[in-house]
file target18.txt (compact mmCIF, C-alpha atoms)
# COMPACT_ATOMS: atom_id res chain seq x y z
CA MET A 1 -96.02 -7.93 -19.46
CA PRO A 2 -92.64 -6.07 -19.46
CA ASP A 3 -90.23 -6.74 -22.29
CA ARG A 4 -87.25 -8.79 -21.04
CA HIS A 5 -84.87 -7.25 -23.58
CA ALA A 6 -85.98 -3.76 -22.57
CA SER A 7 -85.35 -4.64 -18.92
CA ILE A 8 -81.78 -5.78 -19.71
CA SER A 9 -81.22 -2.66 -21.78
CA ASN A 10 -82.44 -0.45 -18.93
CA SER A 11 -80.18 -2.18 -16.41
CA ARG A 12 -77.12 -1.60 -18.63
CA ARG A 13 -78.17 2.02 -19.15
CA HIS A 14 -78.27 2.60 -15.39
CA GLY A 15 -74.73 1.25 -14.99
CA GLN A 16 -75.51 -2.06 -13.36
CA PRO A 17 -72.56 -4.42 -14.08
CA ARG A 18 -73.18 -7.68 -15.87
CA PRO A 19 -72.62 -10.59 -13.46
CA LEU A 20 -69.18 -12.13 -13.85
CA PRO A 21 -68.93 -15.74 -15.02
CA ARG A 22 -68.49 -18.10 -12.10
CA HIS A 23 -65.46 -20.39 -12.21
CA GLU A 24 -64.93 -23.04 -9.58
CA ARG A 25 -61.84 -24.82 -8.37
CA TYR A 26 -61.44 -27.41 -5.64
CA VAL A 27 -58.52 -27.44 -3.20
CA TYR A 28 -57.58 -30.63 -1.35
CA THR A 29 -55.26 -30.34 1.66
CA TYR A 30 -53.02 -33.13 2.99
CA ARG A 31 -50.92 -32.84 6.15
CA LEU A 32 -47.92 -34.77 7.41
CA LEU A 33 -45.03 -34.46 9.85
CA ALA A 34 -41.45 -34.61 8.56
CA ASN A 35 -38.68 -34.69 11.16
CA ASN A 36 -40.88 -32.78 13.66
CA THR A 37 -41.81 -30.20 11.01
CA PRO A 38 -45.55 -29.91 10.14
CA LEU A 39 -46.08 -29.72 6.37
CA GLN A 40 -49.17 -29.13 4.25
CA PHE A 41 -49.69 -29.96 0.59
CA MET A 42 -52.52 -28.29 -1.34
CA ILE A 43 -53.78 -29.76 -4.63
CA SER A 44 -55.92 -27.38 -6.67
CA VAL A 45 -58.26 -29.02 -9.20
CA GLU A 46 -59.37 -26.51 -11.84
CA PRO A 47 -61.92 -27.39 -14.56
CA GLU A 48 -61.27 -25.81 -17.94
CA SER A 49 -65.00 -25.12 -18.23
CA GLY A 50 -65.19 -23.62 -14.75
CA LYS A 51 -67.85 -26.17 -13.80
CA PRO A 52 -67.74 -29.66 -12.22
CA LYS A 53 -68.50 -31.58 -15.39
CA PRO A 54 -66.55 -34.02 -17.62
CA GLY A 55 -63.66 -32.41 -19.44
CA LYS A 56 -60.07 -31.26 -19.08
CA TYR A 57 -58.76 -30.32 -15.64
CA THR A 58 -55.57 -28.62 -14.48
CA PHE A 59 -53.91 -29.82 -11.26
CA ARG A 60 -51.63 -27.44 -9.35
CA LEU A 61 -49.53 -28.34 -6.33
CA SER A 62 -48.44 -26.00 -3.54
CA PHE A 63 -46.63 -26.55 -0.29
CA LYS A 64 -46.98 -24.78 3.07
CA ALA A 65 -44.72 -24.75 6.10
CA ASN A 66 -44.76 -22.35 9.04
CA GLY A 67 -47.24 -19.96 7.42
CA ILE A 68 -45.48 -19.76 4.02
CA GLU A 69 -47.04 -21.30 0.92
CA ARG A 70 -45.18 -21.71 -2.35
CA PRO A 71 -45.73 -23.58 -5.63
CA LEU A 72 -44.20 -26.96 -6.39
CA SER A 73 -43.75 -28.67 -9.76
CA GLU A 74 -45.32 -27.73 -13.07
CA PRO A 75 -49.11 -27.94 -13.44
CA ALA A 76 -50.48 -31.26 -14.73
CA THR A 77 -53.54 -31.75 -16.92
CA ARG A 78 -55.91 -34.74 -17.03
CA THR A 79 -59.30 -35.47 -18.51
CA LEU A 80 -61.88 -36.35 -15.83
CA LYS A 81 -65.22 -38.10 -16.18
CA VAL A 82 -65.72 -38.30 -12.41
CA ASP A 83 -66.87 -35.73 -9.86
CA PRO A 84 -63.87 -33.42 -9.16
CA ARG A 85 -65.29 -32.68 -5.70
CA GLN A 86 -64.91 -36.29 -4.57
CA LEU A 87 -61.35 -37.18 -5.49
CA GLU A 88 -58.79 -39.12 -3.47
CA PHE A 89 -55.06 -38.48 -3.55
CA VAL A 90 -52.05 -40.37 -2.22
CA VAL A 91 -49.46 -37.92 -0.94
CA PHE A 92 -46.19 -39.03 0.63
CA ILE A 93 -42.53 -38.12 1.05
CA PHE A 94 -39.40 -40.15 1.72
CA PRO A 95 -35.80 -39.15 2.52
CA GLY A 96 -33.75 -38.08 -0.47
CA LYS A 97 -30.13 -38.73 -1.25
CA SER A 98 -27.39 -37.95 1.25
CA CYS A 99 -27.09 -34.19 1.56
CA LEU A 100 -25.72 -31.32 3.58
CA PRO A 101 -27.21 -30.18 5.85
CA GLN A 102 -28.48 -33.60 6.82
CA GLY A 103 -32.17 -34.28 7.24
CA CYS A 104 -33.31 -31.54 4.82
CA LEU A 105 -33.93 -33.30 1.52
CA TYR A 106 -37.06 -35.25 0.62
CA SER A 107 -38.63 -36.79 -2.44
CA LEU A 108 -42.33 -36.06 -2.90
CA ARG A 109 -44.93 -38.09 -4.79
CA VAL A 110 -48.58 -37.25 -5.46
CA TRP A 111 -50.92 -39.81 -7.05
CA LEU A 112 -54.58 -39.52 -7.99
CA ARG A 113 -56.63 -42.60 -7.04
CA VAL A 114 -59.92 -43.07 -8.92
CA ASN A 115 -62.01 -46.26 -8.88
CA GLY A 116 -59.07 -48.38 -7.76
CA VAL A 117 -56.63 -47.05 -10.37
CA ASP A 118 -53.70 -44.78 -9.43
CA HIS A 119 -52.40 -42.03 -11.72
CA ARG A 120 -49.19 -40.18 -10.81
CA LEU A 121 -49.53 -36.42 -11.02
CA PHE A 122 -46.44 -34.95 -9.38
CA GLY A 123 -42.93 -36.04 -8.48
CA ASP A 124 -40.27 -33.81 -6.95
CA ASP A 125 -36.91 -35.09 -5.74
CA GLU A 126 -35.69 -31.73 -4.39
CA LEU A 127 -38.00 -30.75 -1.56
CA TRP A 128 -35.67 -29.06 0.91
CA VAL A 129 -37.17 -28.15 4.29
CA ALA A 130 -36.09 -28.55 7.91
CA LYS A 131 -36.20 -27.05 11.35
CA ASP A 132 -32.86 -25.59 12.47
CA PRO A 133 -30.58 -27.55 10.10
CA ASP A 134 -26.82 -27.48 10.73
CA PHE A 135 -25.53 -25.25 7.94
CA ASN A 136 -22.13 -25.16 9.63
CA SER A 137 -21.67 -28.74 8.40
CA ILE A 138 -21.05 -27.28 4.92
CA GLY A 139 -17.43 -26.53 5.65
CA ASP A 140 -16.49 -24.56 2.51
CA ALA A 141 -19.66 -22.45 2.27
CA SER A 142 -19.49 -18.66 2.21
CA PHE A 143 -22.58 -17.13 3.84
CA ALA A 144 -24.08 -13.76 3.04
CA ARG A 145 -24.77 -11.37 5.91
CA LEU A 146 -27.94 -9.30 6.21
CA LYS A 147 -26.93 -5.62 6.03
CA SER A 148 -30.19 -3.69 5.78
CA VAL A 149 -33.95 -4.15 5.73
CA ASP A 150 -36.34 -1.71 4.08
CA ALA A 151 -40.12 -1.67 3.50
CA GLY A 152 -39.79 -3.80 0.39
CA GLU A 153 -36.23 -5.13 0.23
CA GLN A 154 -33.40 -6.81 2.11
CA VAL A 155 -29.72 -6.34 1.26
CA TYR A 156 -27.09 -9.01 1.89
CA HIS A 157 -23.29 -8.89 1.47
CA ALA A 158 -21.09 -11.90 0.71
CA TYR A 159 -17.60 -12.68 -0.54
CA VAL A 160 -17.73 -14.95 -3.59
CA GLY A 161 -14.38 -15.96 -5.05
CA ARG A 162 -12.73 -13.01 -3.22
CA ALA A 163 -15.24 -10.61 -4.82
CA LEU A 164 -17.60 -8.61 -2.61
CA VAL A 165 -21.12 -9.29 -3.93
CA THR A 166 -24.34 -7.59 -2.89
CA PHE A 167 -27.55 -9.61 -3.08
CA ILE A 168 -30.83 -7.66 -3.07
CA VAL A 169 -34.12 -9.39 -2.29
CA ARG A 170 -37.18 -7.34 -3.29
CA TRP A 171 -40.88 -8.06 -2.85
CA SER A 172 -44.21 -6.44 -3.61
CA CYS A 173 -47.81 -7.31 -2.78
CA VAL A 174 -49.87 -8.81 -5.61
CA THR A 175 -53.12 -9.38 -3.73
CA ASN A 176 -54.06 -10.07 -0.14
CA LYS A 177 -51.26 -12.17 1.42
CA LEU A 178 -49.74 -12.95 -2.01
CA TYR A 179 -46.29 -11.49 -2.73
CA LYS A 180 -43.86 -11.72 -5.62
CA TYR A 181 -40.12 -11.83 -4.91
CA SER A 182 -37.02 -11.14 -6.97
CA LEU A 183 -33.30 -11.60 -6.35
CA GLU A 184 -30.56 -9.48 -7.93
CA TYR A 185 -26.83 -9.31 -7.43
CA GLU A 186 -24.31 -6.52 -7.96
CA ALA A 187 -20.53 -6.43 -7.72
CA ASN A 188 -18.54 -3.26 -8.40
CA GLY A 189 -21.09 -1.76 -10.77
CA VAL A 190 -22.09 -4.93 -12.65
CA GLY A 191 -25.08 -7.11 -11.79
CA ASP A 192 -28.02 -9.13 -13.01
CA THR A 193 -31.41 -10.51 -11.99
CA LEU A 194 -31.14 -14.08 -10.72
CA PHE A 195 -34.87 -14.70 -10.45
CA GLU A 196 -38.07 -12.66 -10.47
CA ASP A 197 -41.80 -13.07 -9.96
CA TYR A 198 -41.27 -15.88 -7.45
CA ARG A 199 -44.59 -16.02 -5.61
CA LEU A 200 -45.21 -16.72 -1.94
CA ARG A 201 -48.42 -16.61 0.07
CA LEU A 202 -47.67 -15.42 3.60
CA ASP A 203 -49.79 -15.59 6.73
CA GLY A 204 -47.66 -12.92 8.40
CA ASP A 205 -45.54 -9.83 7.75
CA PRO A 206 -43.19 -10.25 4.74
CA ARG A 207 -40.49 -8.38 6.66
CA ALA A 208 -40.41 -11.30 9.12
CA VAL A 209 -39.21 -13.64 6.35
CA THR A 210 -35.45 -13.51 5.88
CA PHE A 211 -33.12 -15.42 3.58
CA LEU A 212 -30.02 -17.57 3.91
CA ILE A 213 -27.83 -17.05 0.83
CA PHE A 214 -24.53 -18.87 0.45
CA THR A 215 -22.10 -20.11 -2.17
CA ILE A 216 -19.93 -23.21 -2.39
CA PRO A 217 -16.82 -23.13 -4.62
CA SER A 218 -16.78 -25.51 -7.58
CA GLN A 219 -13.67 -26.96 -9.18
CA SER A 220 -12.62 -24.55 -11.91
CA ILE A 221 -9.69 -23.10 -13.81
CA PRO A 222 -8.86 -20.43 -12.84
CA SER A 223 -9.53 -21.21 -9.20
CA GLY A 224 -12.42 -19.31 -7.64
CA ALA A 225 -14.25 -18.65 -10.92
CA SER A 226 -17.28 -20.94 -10.51
CA HIS A 227 -19.63 -21.40 -7.55
CA LYS A 228 -22.83 -23.13 -6.49
CA LEU A 229 -25.34 -20.57 -5.26
CA ARG A 230 -28.08 -21.56 -2.83
CA VAL A 231 -31.04 -19.50 -1.59
CA TRP A 232 -33.11 -20.57 1.43
CA LEU A 233 -35.92 -18.67 3.11
CA ARG A 234 -36.10 -18.57 6.89
CA SER A 235 -39.13 -18.05 9.14
CA LEU A 236 -39.35 -17.92 12.92
CA VAL A 237 -41.28 -20.73 14.58
CA PRO A 238 -43.99 -19.14 16.80
CA LEU A 239 -44.04 -20.06 20.46
CA SER A 240 -46.65 -22.55 21.60
CA SER A 241 -48.83 -21.22 24.40
CA SER A 242 -49.64 -24.79 25.48
CA ASP A 243 -45.97 -25.68 26.03
CA PRO A 244 -44.86 -24.80 29.60
CA THR A 245 -41.21 -24.80 28.55
CA THR A 246 -41.81 -21.71 26.37
CA SER A 247 -42.85 -19.40 29.22
CA TYR A 248 -39.60 -17.55 28.60
CA VAL A 249 -37.25 -17.90 25.66
CA LEU A 250 -33.87 -16.34 25.14
CA PRO A 251 -33.00 -14.96 21.67
CA PHE A 252 -30.40 -17.63 21.03
CA ASN A 253 -33.04 -20.32 21.68
CA ASP A 254 -35.24 -19.26 18.74
CA SER A 255 -36.13 -21.93 16.21
CA TYR A 256 -36.55 -21.40 12.46
CA ILE A 257 -38.00 -23.34 9.56
CA TYR A 258 -35.75 -23.25 6.49
CA GLN A 259 -36.85 -23.96 2.91
CA ARG A 260 -34.60 -23.98 -0.14
CA ILE A 261 -36.35 -22.09 -2.93
CA TRP A 262 -33.68 -21.58 -5.62
CA LYS A 263 -30.26 -22.79 -6.75
CA CYS A 264 -27.66 -22.13 -9.43
CA ASP A 265 -24.79 -24.57 -10.04
CA SER A 266 -22.75 -22.24 -12.27
CA PHE A 267 -22.51 -18.79 -10.69
CA LYS A 268 -19.48 -17.39 -12.55
CA ILE A 269 -17.77 -14.54 -10.70
CA GLY A 270 -14.48 -13.95 -8.91
CA GLY A 271 -12.02 -11.35 -7.74
CA ARG A 272 -8.53 -11.03 -9.27
CA LEU A 273 -8.77 -14.34 -11.11
CA ASP A 274 -5.48 -15.81 -12.33
CA PHE A 275 -6.23 -16.49 -16.01
CA GLU A 276 -2.54 -17.23 -16.61
CA SER A 277 -3.13 -20.51 -14.77
CA LEU A 278 -4.84 -21.79 -17.93
CA GLY A 279 -1.36 -22.62 -19.17
CA ALA A 280 1.13 -21.77 -21.88
CA LYS A 281 -1.22 -22.71 -24.74
CA MET A 282 -3.68 -19.99 -23.75
CA VAL A 283 -3.45 -16.93 -26.04
CA MET A 284 -4.57 -13.69 -24.41
CA GLY A 285 -6.23 -10.96 -26.48
CA PHE A 286 -5.28 -7.29 -26.20
CA SER A 287 -7.36 -4.16 -26.53
CA SER A 288 -7.33 -2.09 -29.73
CA GLY A 289 -8.16 1.09 -27.85
CA ILE A 290 -11.34 2.98 -27.03
CA PRO A 291 -14.64 1.53 -28.30
CA GLU A 292 -16.18 2.68 -31.57
CA THR A 293 -19.51 4.46 -31.16
CA ILE A 294 -22.17 3.33 -33.66
CA VAL A 295 -25.36 5.38 -34.01
CA MET A 296 -28.45 3.35 -34.93
CA SER A 297 -31.92 4.45 -36.01
CA ASN A 298 -33.51 1.56 -34.09
CA PRO A 299 -32.33 -0.17 -30.89
CA ALA A 300 -32.11 -3.56 -32.67
CA PRO A 301 -31.92 -3.14 -36.46
CA GLN A 302 -32.74 -6.15 -38.61
CA ALA A 303 -29.39 -5.77 -40.38
CA ASP A 304 -27.45 -6.34 -37.16
CA LEU A 305 -25.11 -9.35 -37.05
CA HIS A 306 -26.54 -10.76 -33.81
CA SER A 307 -29.90 -12.48 -34.07
CA PRO A 308 -32.43 -11.88 -31.28
CA ARG A 309 -32.58 -15.65 -30.94
CA SER A 310 -29.18 -16.84 -29.81
CA VAL A 311 -27.62 -19.99 -31.24
CA TYR A 312 -24.91 -20.03 -28.58
CA LYS A 313 -26.93 -21.29 -25.62
CA GLU A 314 -25.85 -24.91 -25.83
CA LYS A 315 -24.17 -26.28 -22.71
CA ARG A 316 -20.39 -26.44 -22.82
CA GLU A 317 -18.01 -28.54 -20.81
CA TYR A 318 -15.62 -25.72 -19.98
CA ASP A 319 -15.63 -24.23 -16.48
CA PHE A 320 -14.34 -20.79 -17.50

call {"tool": "encode", "arguments": {"input": "target18.txt", "output": "structure tokens"}}
result
Amino acid sequence: MPDRHASISNSRRHGQPRPLPRHERYVYTYRLLANNTPLQFMISVEPESGKPKPGKYTFRLSFKANGIERPLSEPATRTLKVDPRQLEFVVFIFPGKSCLPQGCLYSLRVWLRVNGVDHRLFGDDELWVAKDPDFNSIGDASFARLKSVDAGEQVYHAYVGRALVTFIVRWSCVTNKLYKYSLEYEANGVGDTLFEDYRLRLDGDPRAVTFLIFTIPSQSIPSGASHKLRVWLRSLVPLSSSDPTTSYVLPFNDSYIYQRIWKCDSFKIGGRLDFESLGAKMVMGFSSGIPETIVMSNPAPQADLHSPRSVYKEKREYDF
């Protein structure tokens, strides 16, 4: 009778890989129609043990519209003593607060129903999605214009507080159909990353997804120094072969699904700002000349005055 340990040893010697541990997860899909826009919500149930047995589970929520899937909310954890393959969820949306454009904002709720008891898992009051919303209704918005499209980036130009700002959207493929996106801005040689590693799962070509980027001025002193920045993604609605009215379509009759994916309520930038408008009590500093060059042995020495962990991140009431 052959030795089992010798057989395992021989298989490793001949380069046969050890079978990978099998982890299971269970994805539930719920569909609904919101203002003539088909939406899908996917709830992923992931056992910590990788097996359908009692223990801790992680619930993840994603949302899909017009072939684009993106994450919603933070993951939730629960302990289950029931079969994770036979769960029931209650998924619903209702109109949110008054907003511009109208008909775009929804509140989302996801509950887990087990043996007659309901447990809330997810709540999101800022689900923005609509088909062809009227962005022109936002009277004071400044919209970015698409200037160029490359294999892995799109460049947009916009005027924000009289300053010409370039927004660069970049993406790269993570795995099949999964892409990570980033957004940067640059204005006259100075810029920053607004967000990165934002993940989307796409059914189609990522170059077919474009973005609507715009700013809305906020009240500030000096005027034009603070703005609300909004980023929406835009995808073309495919024509329906069963609809006789779509036998021919002109370019200006195209329909798009819009989804808001990111916002910033304090985008601080402006061109030729009038800081004198702060008033007579404002005391302006003056330069002492060229900067002093300090040579350091390490990029961030321990003896430096500034701690790596800032204590100045508390929110302030000033707008400038």

call {"tool": "residues_around", "arguments": {"input": "target18.txt", "residues": "Arg199 in chain A", "least_positions_apart": "2", "cutoff": "9 Å", "atoms": "all atoms listed in the file", "output": "PyMOL selection string"}}
result
chain A and resi 69-71+174+178-181+196-197+201

call {"tool": "closest_residue", "arguments": {"input": "target18.txt", "among": "A:Gly204, A:Gly271, A:Gly103, A:Gly123", "to": "Val91 in chain A", "atoms": "all atoms listed in the file"}}
result
A:Gly123

call {"tool": "closest_residue", "arguments": {"input": "target18.txt", "among": "A:Ile138, A:Val82, A:Ala65, A:Ala144", "to": "His157 in chain A", "atoms": "only C-alpha atoms"}}
result
A:Ala144

call {"tool": "closest_residue", "arguments": {"input": "target18.txt", "among": "A:Ser287, A:Ser218, A:Thr210, A:Gln86", "to": "Gln154 in chain A", "atoms": "only C-alpha atoms"}}
result
A:Thr210

call {"tool": "closest_residue", "arguments": {"input": "target18.txt", "among": "A:Ser277, A:Ser182, A:Ser288, A:Ser137", "to": "Trp262 in chain A", "atoms": "only C-alpha atoms"}}
result
A:Ser182
